[in-house]
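Have a look at structure.cif; it's mmCIF, C-alpha atoms:
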```cif
data_run
loop_
_atom_site.label_atom_id
_atom_site.label_comp_id
_atom_site.auth_asym_id
_atom_site.auth_seq_id
_atom_site.Cartn_x
_atom_site.Cartn_y
_atom_site.Cartn_z
CA MET A 1 106.32 85.54 114.98
CA MET A 2 106.01 83.44 118.14
CA THR A 3 102.93 85.44 119.22
CA GLY A 4 101.34 85.29 115.77
CA GLN A 5 101.96 88.94 114.91
CA VAL A 6 103.21 88.30 111.40
CA ASN A 7 102.81 91.83 110.03
CA SER A 8 104.62 93.39 112.99
CA ALA A 9 107.44 90.90 112.60
CA LEU A 10 107.73 91.64 108.88
CA GLN A 11 108.30 95.32 109.60
CA TYR A 12 111.76 94.40 110.84
CA LEU A 13 112.59 93.25 107.32
CA SER A 14 111.59 96.49 105.69
CA ASP A 15 113.65 99.67 105.36
CA ASP A 16 110.45 101.66 105.84
CA GLN A 17 109.57 100.61 109.37
CA GLY A 18 106.89 103.26 109.76
CA ARG A 19 107.37 106.72 111.16
CA GLY A 20 105.35 106.14 114.29
CA ILE A 21 102.89 108.25 116.21
CA LEU A 22 103.16 112.03 116.06
CA PRO A 23 103.18 114.08 119.25
CA LEU A 24 100.00 116.13 119.58
CA SER A 25 101.17 119.57 118.46
CA ASP A 26 98.95 122.45 117.29
CA ASP A 27 99.75 121.63 113.66
CA VAL A 28 98.81 117.96 114.13
CA MET A 29 95.59 118.95 115.87
CA GLU A 30 94.76 121.35 113.04
CA GLN A 31 95.29 118.62 110.45
CA LEU A 32 93.14 116.20 112.44
CA LYS A 33 90.36 118.80 112.57
CA GLU A 34 90.60 119.32 108.80
CA LYS A 35 90.25 115.60 108.27
CA HIS A 36 87.09 115.46 110.38
CA PRO A 37 84.87 118.08 108.73
CA GLU A 38 81.64 119.51 110.05
CA PRO A 39 78.46 117.86 108.72
CA GLN A 40 77.45 119.06 105.25
CA GLY A 41 73.76 118.29 105.53
CA VAL A 42 71.76 116.84 102.69
CA GLN A 43 72.28 118.59 99.37
CA LEU A 44 69.91 118.87 96.47
CA GLY A 45 69.93 115.82 94.22
CA SER A 46 72.00 113.67 96.55
CA THR A 47 69.19 111.52 97.89
CA LEU A 48 67.37 108.65 96.28
CA SER A 49 63.66 108.18 96.36
CA GLY A 50 62.13 104.77 96.13
CA PRO A 51 60.35 102.08 98.06
CA ILE A 52 61.90 101.18 101.41
CA GLU A 53 61.50 97.49 102.03
CA ASP A 54 60.67 96.17 105.46
CA VAL A 55 63.19 93.64 106.73
CA PRO A 56 61.64 91.00 109.01
CA ASP A 57 63.30 90.72 112.43
CA ILE A 58 63.75 87.00 111.88
CA ARG A 59 66.59 87.85 109.47
CA TYR A 60 68.78 88.60 112.48
CA HIS A 61 67.87 85.57 114.58
CA GLU A 62 70.97 83.78 113.40
CA ILE A 63 73.01 86.28 115.42
CA ASN A 64 73.46 84.12 118.50
CA GLY A 65 76.06 83.18 121.06
CA GLY A 66 77.93 80.96 118.63
CA MET A 67 78.24 83.70 116.03
CA VAL A 68 79.40 86.23 118.63
CA ARG A 69 81.96 83.71 119.88
CA ASP A 70 83.29 83.11 116.35
CA ALA A 71 83.50 86.86 115.71
CA ALA A 72 85.32 87.39 119.01
CA LEU A 73 87.85 84.70 118.13
CA ARG A 74 88.60 86.53 114.87
CA SER A 75 89.03 89.96 116.49
CA LYS A 76 92.40 91.57 117.14
CA GLY A 77 93.73 94.66 118.88
CA SER A 78 92.10 96.83 121.48
CA GLY A 79 90.05 99.96 121.97
CA SER A 80 90.09 100.77 125.63
CA GLY A 81 89.76 98.60 128.69
CA VAL A 82 89.33 94.96 127.65
CA ASP A 83 91.24 94.12 124.46
CA ALA A 84 90.44 91.42 121.89
CA ASN A 85 92.35 88.81 123.87
CA GLY A 86 90.28 89.68 126.92
CA PHE A 87 87.01 89.29 125.04
CA ARG A 88 88.25 86.04 123.55
CA ARG A 89 88.93 84.77 127.07
CA ILE A 90 85.58 85.99 128.45
CA LEU A 91 83.60 84.45 125.60
CA THR A 92 85.40 81.13 125.38
CA CYS A 93 86.59 80.34 128.90
CA LYS A 94 84.31 78.38 131.22
CA SER A 95 85.48 80.44 134.21
CA PHE A 96 83.16 83.26 133.15
CA MET B 1 72.20 94.03 121.67
CA THR B 2 73.36 93.48 118.07
CA LYS B 3 69.93 92.12 117.15
CA ARG B 4 68.27 95.11 118.76
CA LEU B 5 70.49 97.58 116.86
CA CYS B 6 69.51 95.82 113.61
CA THR B 7 65.78 95.84 114.23
CA GLU B 8 64.81 98.99 116.13
CA TYR B 9 65.96 102.57 116.53
CA VAL B 10 67.55 103.27 119.91
CA ASP B 11 68.47 106.44 121.73
CA PRO B 12 71.96 107.34 120.42
CA ARG B 13 73.02 108.71 123.80
CA GLY B 14 72.97 105.17 125.14
CA LEU B 15 75.49 104.10 122.49
CA GLU B 16 77.94 106.95 122.95
CA ALA B 17 80.50 104.95 124.93
CA ILE B 18 80.48 101.91 122.70
CA LEU B 19 80.87 104.02 119.54
CA ALA B 20 83.70 106.19 120.89
CA ASN B 21 87.09 105.67 119.27
CA ARG B 22 90.70 106.26 120.03
CA LEU B 23 92.29 108.48 117.37
CA ILE B 24 95.99 108.09 116.69
CA PRO B 25 97.87 110.62 114.52
CA LEU B 26 100.38 108.62 112.50
CA ASP B 27 103.26 110.27 110.69
CA LYS B 28 102.54 110.12 106.94
CA GLY B 29 105.82 111.86 106.07
CA GLU B 30 106.48 115.44 104.91
CA GLY B 31 104.57 116.82 107.86
CA ALA B 32 101.29 115.14 106.92
CA VAL B 33 99.11 113.23 109.38
CA ARG B 34 97.35 109.92 108.84
CA PRO B 35 94.56 109.60 111.42
CA ILE B 36 93.98 106.04 112.55
CA GLY B 37 90.84 105.21 114.48
CA VAL B 38 90.70 102.33 116.91
CA SER B 39 87.21 101.29 117.89
CA GLU B 40 86.07 99.28 120.90
CA VAL B 41 86.48 95.52 120.49
CA ILE B 42 82.81 94.92 121.27
CA ARG B 43 81.79 97.20 118.39
CA ARG B 44 84.01 95.21 116.07
CA ILE B 45 82.48 91.96 117.24
CA MET B 46 78.97 93.34 116.68
CA GLY B 47 79.93 94.67 113.25
CA LYS B 48 81.34 91.32 112.22
CA CYS B 49 78.09 89.58 113.16
CA VAL B 50 75.99 92.07 111.17
CA THR B 51 78.35 91.78 108.21
CA LYS B 52 78.03 88.01 108.24
CA VAL B 53 74.23 88.15 108.17
CA THR B 54 73.96 90.88 105.52
CA LYS B 55 76.98 90.13 103.31
CA LEU B 56 75.00 89.00 100.24
CA ASP B 57 72.68 92.00 100.46
CA VAL B 58 75.67 94.34 100.60
CA ILE B 59 77.33 92.73 97.57
CA ASP B 60 74.04 92.94 95.69
CA ALA B 61 73.48 96.59 96.65
CA SER B 62 77.06 97.57 95.74
CA GLY B 63 76.58 96.43 92.16
CA SER B 64 79.20 95.04 89.82
CA LEU B 65 81.22 98.24 89.37
CA GLN B 66 82.18 98.71 93.01
CA VAL B 67 84.32 95.67 93.82
CA CYS B 68 85.26 96.36 97.45
CA ALA B 69 82.15 95.03 99.20
CA GLY B 70 82.97 91.38 99.70
CA HIS B 71 83.57 90.40 96.08
CA LYS B 72 86.12 87.66 95.55
CA SER B 73 89.60 88.76 94.36
CA ARG B 74 88.26 92.30 94.36
CA SER B 75 91.25 94.51 93.58
CA GLU B 76 92.70 91.87 91.28
CA ALA B 77 89.48 91.95 89.26
CA ALA B 78 89.72 95.73 88.95
CA ILE B 79 93.36 95.58 87.86
CA HIS B 80 92.84 92.95 85.16
CA ALA B 81 89.65 94.59 83.87
CA MET B 82 91.29 97.99 83.48
CA ARG B 83 94.45 96.62 81.90
CA GLU B 84 92.44 94.73 79.27
CA LEU B 85 90.23 97.72 78.57
CA PHE B 86 93.21 100.06 78.18
CA GLU B 87 94.95 97.69 75.78
CA HIS B 88 91.86 97.58 73.58
CA ASP B 89 92.14 99.48 70.27
CA ASN B 90 89.08 101.61 71.02
CA SER B 91 90.58 103.01 74.23
CA ASP B 92 92.64 106.18 74.17
CA ALA B 93 93.21 106.77 77.85
CA VAL B 94 92.59 105.68 81.39
CA LEU B 95 91.95 108.14 84.19
CA LEU B 96 92.98 107.26 87.76
CA ILE B 97 91.09 109.30 90.34
CA ASP B 98 92.31 110.26 93.77
CA ALA B 99 89.84 111.78 96.23
CA SER B 100 90.63 114.02 99.18
CA ASN B 101 90.01 112.57 102.63
CA ALA B 102 87.48 110.19 101.09
CA PHE B 103 86.30 108.09 104.03
CA ASN B 104 85.94 111.01 106.43
CA SER B 105 84.18 113.27 103.92
CA LEU B 106 81.29 111.03 102.88
CA ASN B 107 78.02 112.92 103.33
CA ARG B 108 76.59 110.99 106.23
CA ALA B 109 73.09 112.46 106.06
CA ALA B 110 72.70 111.50 102.39
CA ALA B 111 74.30 108.10 103.02
CA LEU B 112 71.93 107.21 105.86
CA HIS B 113 68.96 108.22 103.75
CA ASN B 114 70.08 106.35 100.64
CA ILE B 115 71.05 103.17 102.45
CA ARG B 116 67.42 102.66 103.46
CA VAL B 117 66.52 102.44 99.78
CA LEU B 118 69.59 100.56 98.59
CA CYS B 119 70.24 98.05 101.37
CA PRO B 120 67.50 98.05 104.03
CA SER B 121 69.00 95.08 105.88
CA ILE B 122 71.89 97.16 107.26
CA ALA B 123 70.01 100.48 107.34
CA THR B 124 68.71 100.34 110.92
CA ASN B 125 72.09 99.33 112.30
CA ALA B 126 73.85 102.03 110.25
CA ILE B 127 71.40 104.71 111.39
CA ASN B 128 71.76 103.66 115.03
CA THR B 129 75.54 103.75 114.90
CA TYR B 130 76.09 106.78 112.66
CA ARG B 131 73.30 109.27 113.31
CA GLU B 132 75.16 111.03 116.12
CA PRO B 133 78.78 112.22 115.79
CA GLU B 134 81.17 109.80 117.48
CA ARG B 135 83.62 110.99 120.09
CA LEU B 136 87.26 110.55 119.10
CA PHE B 137 89.75 110.56 121.95
CA ILE B 138 93.18 111.59 120.72
CA VAL B 139 96.37 110.22 122.21
CA GLY B 140 97.65 113.23 124.13
CA GLY B 141 94.41 114.15 125.84
CA GLN B 142 92.21 116.00 123.35
CA GLU B 143 88.92 115.14 121.71
CA LEU B 144 87.27 115.55 118.30
CA ARG B 145 83.91 114.55 116.86
CA SER B 146 83.46 112.49 113.74
CA SER B 147 80.38 113.96 112.05
CA GLU B 148 80.91 112.83 108.48
CA GLY B 149 82.08 109.69 106.75
CA THR B 150 82.53 106.20 108.07
CA THR B 151 84.49 105.16 111.13
CA GLN B 152 87.78 103.34 110.90
CA GLY B 153 87.69 100.14 112.85
CA ASP B 154 84.01 99.52 112.16
CA PRO B 155 83.62 96.33 110.12
CA LEU B 156 80.53 97.85 108.50
CA ALA B 157 82.42 100.93 107.32
CA MET B 158 83.44 99.47 103.97
CA SER B 159 79.91 98.21 103.27
CA LEU B 160 78.39 101.55 104.17
CA TYR B 161 80.90 103.46 102.07
CA SER B 162 80.52 101.29 98.99
CA ILE B 163 76.72 101.47 99.08
CA SER B 164 76.69 105.20 99.75
CA LEU B 165 78.55 105.91 96.52
CA GLN B 166 76.06 103.93 94.44
CA PRO B 167 74.00 106.98 93.43
CA LEU B 168 77.19 108.57 92.07
CA ILE B 169 78.29 105.40 90.28
CA ARG B 170 74.88 105.02 88.65
CA ARG B 171 74.73 108.65 87.59
CA LEU B 172 78.14 108.38 85.94
CA GLN B 173 77.00 105.25 84.18
CA VAL B 174 74.09 107.13 82.63
CA LYS B 175 76.06 110.26 81.70
CA SER B 176 79.22 108.75 80.19
CA ALA B 177 80.06 105.79 77.97
CA ALA B 178 83.50 105.42 79.54
CA SER B 179 84.19 102.00 81.05
CA ARG B 180 84.79 102.31 84.75
CA CYS B 181 85.56 100.34 87.84
CA TRP B 182 85.58 101.40 91.48
CA TYR B 183 87.70 99.98 94.25
CA VAL B 184 86.47 101.75 97.40
CA ASP B 185 87.27 105.45 96.76
CA ASP B 186 89.56 104.79 93.78
CA PRO B 187 87.59 104.84 90.54
CA THR B 188 89.22 104.31 87.17
CA GLY B 189 87.65 105.36 83.87
CA CYS B 190 88.76 104.14 80.48
CA GLY B 191 87.70 104.81 76.89
CA SER B 192 87.94 107.48 74.22
CA LEU B 193 89.25 110.86 75.35
CA GLY B 194 85.81 112.43 74.92
CA ASN B 195 84.09 109.82 77.04
CA VAL B 196 86.72 109.99 79.76
CA LYS B 197 86.42 113.79 79.86
CA THR B 198 82.62 113.58 80.16
CA TRP B 199 83.07 111.07 82.97
CA TRP B 200 85.48 113.39 84.79
CA ASP B 201 83.19 116.42 84.38
CA GLU B 202 80.22 114.53 85.79
CA LEU B 203 82.33 113.20 88.67
CA MET B 204 83.27 116.76 89.61
CA VAL B 205 79.62 117.83 89.56
CA SER B 206 77.93 114.82 91.18
CA GLY B 207 80.66 113.76 93.62
CA PRO B 208 80.74 116.66 96.11
CA PRO B 209 77.03 116.56 97.11
CA LEU B 210 77.63 112.97 98.25
CA GLY B 211 80.86 113.88 99.99
CA TYR B 212 83.21 112.64 97.26
CA PHE B 213 85.80 115.28 96.36
CA PRO B 214 88.18 114.34 93.51
CA ASN B 215 91.61 115.90 93.88
CA PRO B 216 92.77 116.77 90.32
CA GLN B 217 96.33 117.42 91.47
CA LYS B 218 96.65 113.76 92.40
CA CYS B 219 94.68 112.36 89.46
CA TRP B 220 96.54 110.84 86.52
CA LEU B 221 95.48 110.44 82.91
CA ILE B 222 97.47 107.70 81.19
CA VAL B 223 97.22 108.05 77.43
CA LYS B 224 98.49 106.06 74.49
CA PRO B 225 101.50 107.91 72.94
CA GLU B 226 99.63 108.96 69.78
CA LYS B 227 96.87 110.52 71.90
CA GLU B 228 99.03 112.69 74.10
CA ARG B 229 98.49 115.93 72.18
CA PRO B 230 94.70 115.73 71.87
CA ALA B 231 94.56 114.66 75.53
CA LYS B 232 96.43 117.80 76.61
CA GLU B 233 94.03 119.93 74.58
CA ILE B 234 90.87 118.25 75.89
CA PHE B 235 92.03 118.33 79.51
CA SER B 236 93.71 121.76 79.25
CA GLU B 237 91.23 123.41 81.62
CA THR B 238 92.00 120.88 84.35
CA ILE B 239 95.16 120.34 86.37
CA ILE B 240 95.07 116.58 85.96
CA ASN B 241 98.51 115.05 85.39
CA ILE B 242 98.94 113.49 81.94
CA THR B 243 101.47 110.78 81.12
CA THR B 244 102.20 108.30 78.36
CA GLU B 245 104.45 106.20 80.57
CA GLY B 246 102.24 104.68 83.24
CA ARG B 247 101.22 104.81 86.88
CA LYS B 248 100.78 102.55 89.82
CA HIS B 249 97.23 101.19 90.00
CA LEU B 250 96.01 99.28 93.07
CA GLY B 251 99.47 97.85 93.65
CA ALA B 252 99.97 96.87 90.00
CA THR B 253 100.66 99.17 87.02
CA LEU B 254 98.80 100.61 84.06
CA GLY B 255 100.61 101.98 81.04
CA SER B 256 103.76 101.25 79.10
CA ARG B 257 105.90 98.13 79.34
CA VAL B 258 108.96 100.24 80.24
CA PHE B 259 107.17 101.69 83.29
CA PHE B 260 105.97 98.22 84.23
CA GLU B 261 109.50 96.76 84.08
CA GLU B 262 110.96 99.62 86.13
CA TYR B 263 108.24 99.12 88.75
CA VAL B 264 108.84 95.37 88.93
CA ASP B 265 112.63 95.86 89.18
CA VAL B 266 112.19 98.20 92.16
CA LYS B 267 109.84 95.73 93.82
CA VAL B 268 112.22 92.81 93.26
CA GLU B 269 115.07 94.88 94.70
CA GLU B 270 112.99 95.48 97.86
CA TRP B 271 112.11 91.80 98.14
CA VAL B 272 115.75 90.74 97.73
CA ALA B 273 116.70 93.14 100.54
CA GLN B 274 113.97 91.60 102.75
CA VAL B 275 115.13 88.05 102.02
CA THR B 276 118.73 89.05 102.72
CA ARG B 277 117.73 90.50 106.09
CA LEU B 278 115.58 87.49 106.90
CA ALA B 279 118.57 85.24 106.15
CA GLU B 280 120.50 87.09 108.88
CA PHE B 281 117.70 86.39 111.38
CA ALA B 282 117.53 82.78 110.18
CA THR B 283 120.99 81.94 111.48
CA THR B 284 119.70 82.23 115.07
CA GLN B 285 115.90 81.86 114.59
CA PRO B 286 115.40 79.34 111.77
CA GLN B 287 111.82 78.27 112.66
CA SER B 288 110.49 81.80 113.03
CA SER B 289 112.26 82.89 109.86
CA TYR B 290 110.77 80.01 107.89
CA ALA B 291 107.30 80.91 109.20
CA ALA B 292 107.87 84.58 108.28
CA PHE B 293 108.92 83.50 104.80
CA VAL B 294 105.94 81.21 104.20
CA PHE B 295 103.15 83.16 105.91
CA GLY B 296 104.47 86.68 105.44
CA LEU B 297 106.77 87.38 102.52
CA ARG B 298 105.51 84.72 100.13
CA GLN B 299 101.87 85.65 100.66
CA GLY B 300 102.68 89.27 99.88
CA TRP B 301 104.41 88.29 96.65
CA THR B 302 101.41 86.20 95.52
CA TYR B 303 99.35 89.35 94.97
CA PHE B 304 101.98 90.73 92.61
CA LEU B 305 102.38 87.44 90.79
CA ARG B 306 98.63 87.42 90.15
CA THR B 307 98.36 91.04 89.07
CA LEU B 308 101.59 91.72 87.15
CA PRO B 309 101.76 89.65 83.96
CA ASP B 310 104.92 87.92 82.70
CA ILE B 311 107.24 88.86 85.56
CA ALA B 312 108.98 85.49 85.86
CA PRO B 313 112.26 86.63 84.18
CA SER B 314 112.46 89.66 86.48
CA LEU B 315 112.27 87.44 89.55
CA GLU B 316 115.64 85.74 88.94
CA PRO B 317 117.51 87.90 91.56
CA LEU B 318 114.86 86.92 94.14
CA GLU B 319 115.25 83.26 93.29
CA ARG B 320 119.03 83.57 93.75
CA ALA B 321 118.62 85.30 97.12
CA ILE B 322 116.32 82.53 98.37
CA ALA B 323 118.53 79.74 97.04
CA ASP B 324 121.91 81.20 98.00
CA LEU B 325 121.14 83.04 101.25
CA LEU B 326 117.86 82.14 102.92
CA ALA B 327 117.63 78.40 102.35
CA PRO B 328 121.23 77.72 103.53
CA ALA B 329 120.69 79.94 106.59
CA ILE B 330 117.55 78.01 107.61
CA THR B 331 118.86 74.51 106.85
CA GLU B 332 122.49 75.21 107.86
CA HIS B 333 123.84 73.71 104.67
CA ALA B 334 123.94 74.59 100.97
CA THR B 335 120.71 73.26 99.49
CA LYS B 336 120.51 71.54 96.15
CA GLN B 337 117.67 72.11 93.71
CA GLU B 338 116.38 68.59 94.39
CA GLU B 339 116.00 69.40 98.09
CA ARG B 340 114.15 72.62 97.29
CA ASP B 341 111.81 70.77 94.95
CA LEU B 342 111.03 68.37 97.81
#
```

Rewritten as structure tokens:
Amino acid sequence: MMTGQVNSALQYLSDDQGRGILPLSDDVMEQLKEKHPEPQGVQLGSTLSGPIEDVPDIRYHEINGGMVRDAALRSKGSGSGVDANGFRRILTCKSF
Amino acid sequence: MTKRLCTEYVDPRGLEAILANRLIPLDKGEGAVRPIGVSEVIRRIMGKCVTKVTKLDVIDASGSLQVCAGHKSRSEAAIHAMRELFEHDNSDAVLLIDASNAFNSLNRAAALHNIRVLCPSIATNAINTYREPERLFIVGGQELRSSEGTTQGDPLAMSLYSISLQPLIRRLQVKSAASRCWYVDDPTGCGSLGNVKTWWDELMVSGPPLGYFPNPQKCWLIVKPEKERPAKEIFSETIINITTEGRKHLGATLGSRVFFEEYVDVKVEEWVAQVTRLAEFATTQPQSSYAAFVFGLRQGWTYFLRTLPDIAPSLEPLERAIADLLAPAITEHATKQEERDL
């Protein structure tokens, strides 16, 4: 709670505290492969036809430093390398 | 870079690193795996910016039947709409659909084509970020490719998914008179048995080409008691589960009052256990426990209070646990009702 991770803290109150990450066995790998199928390709009757409107580039001009900063402040977690806290620091701290 | 991805097509090889994800196999129980994707923070920031600019277009393109794309009180709207429709005299049954591996199975080629027609403002960005399979690095050292569906961790994933199912939603609307509502990959159809069956048949035909595969073993048909026999006859060729009692629907319930009360009682029992455990923490950590109560537990309960009608009498055990255990543990003395009102 002191670091703002409310959901993580609430897990301590629940009987079902999650089963955690599975070790990467052959069975797990097989299931992961099943859940990420090969591309199907376009099938008959699945596509729409119709006019495709042009979107003027000016639509996206409001994406600026301020918007990126706001988005960074609302991001959590990490992928690899710099996590959300790191980006928050880079984008809001004057040292950078 | 975000602006560029929204306005011009770029070489996908240059985006490979930024679109790569970590893939974590979580234990779903009974030997099943729940894959969780974690995308790069910078992709999430870019996705949030695009979402902010295109939000109204996405809501417009998703239509009124798919309530997951930024609509206010989305799942609550679906719950109340379906409950009212089912209680109507003209309705015989409501069909709850479950799809297999929905997000990862969406036909990406069809989706990227259709999104240009349905929502051109996110089309260029979607094509740039989804036209090549993403690399998924699995904890443990292996790698997979995500060639279909939307990517977990991408803020645009929900928008892309909801728009991509529009052709299916519209086709069902034309083919069947059943009332329906979609919340992401969970559609619900309600009406006469004939209309619901037509809706199901069309879903089975039109869903797979778009990458939507209903799983009849996990689908439930809730029928009014007097319609149980005809329902079993009409749906005899399917393996859909049929019940007159009720089922869980988006965190609330649909069906009989008895099922509803049993569901609420189980929930209240869980909540009482949580409050009891929080009271133990509160003896040494009163501030944190109070914050967990206000910002965690209570917020979670609000959803149920807004979606489950007339549950006040069932909440008495919870009220007692708060009054007798939690409040004294936080304040270090027995609290009177007047103090709680304050």

*Please identify all polymer residues within 12 Å of range 228-231 of chain B, counting only C-alpha atoms, omitting same-chain residues fewer than 6 positions from it, and present them as a list of chain:residue names.*
B:Asp92, B:Ala93, B:Val94, B:Leu95, B:Ser192, B:Leu193, B:Gly194, B:Asn195, B:Val196, B:Lys197, B:Trp220, B:Leu221, B:Ile222, B:Glu237, B:Thr238, B:Ile240, B:Asn241, B:Ile242, B:Thr243, B:Thr244, B:Glu245

- request: With a distance threshold of 7 Å and counting only C-alpha atoms, extract the residues of chain B near chain A and express them as a ChimeraX atom specification.
  value: /B:3,7,21-22,24-27,33,35,38-41,45,48-49,53,101,104-105,107,109-110,113-114,116-117,120-121,140,146-148,209-210,274,277-278,288,292,296

Here CA of Arg171 in chain B and CA of Asp185 in chain B stand apart by 15.9 Å

Just the residues within 12 Å of Thr253 in chain B, please, counting only C-alpha atoms, with nothing from its chain fewer than 5 positions along; format it as an NGL selection string. :B and (76 or 78-80 or 82-83 or 86 or 94 or 96 or 222 or 245-248 or 258-264 or 267 or 304 or 307-309)

- Message: Which residues would end up in the selection if the PyMOL selection byres ((chain B and resi 131) around 9) were applied here, given that I need the answer as an MDAnalysis selection string?
- Response: chainID B and resid 12 108:109 112 126:130 132:134 147

Quiz item: Which distance in Å separates CA of Met158 in chain B and CA of Trp199 in chain B, to one decimal?
Solution: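 Going from CA of Met158 in chain B over to CA of Trp199 in chain B covers 24.0 Å.
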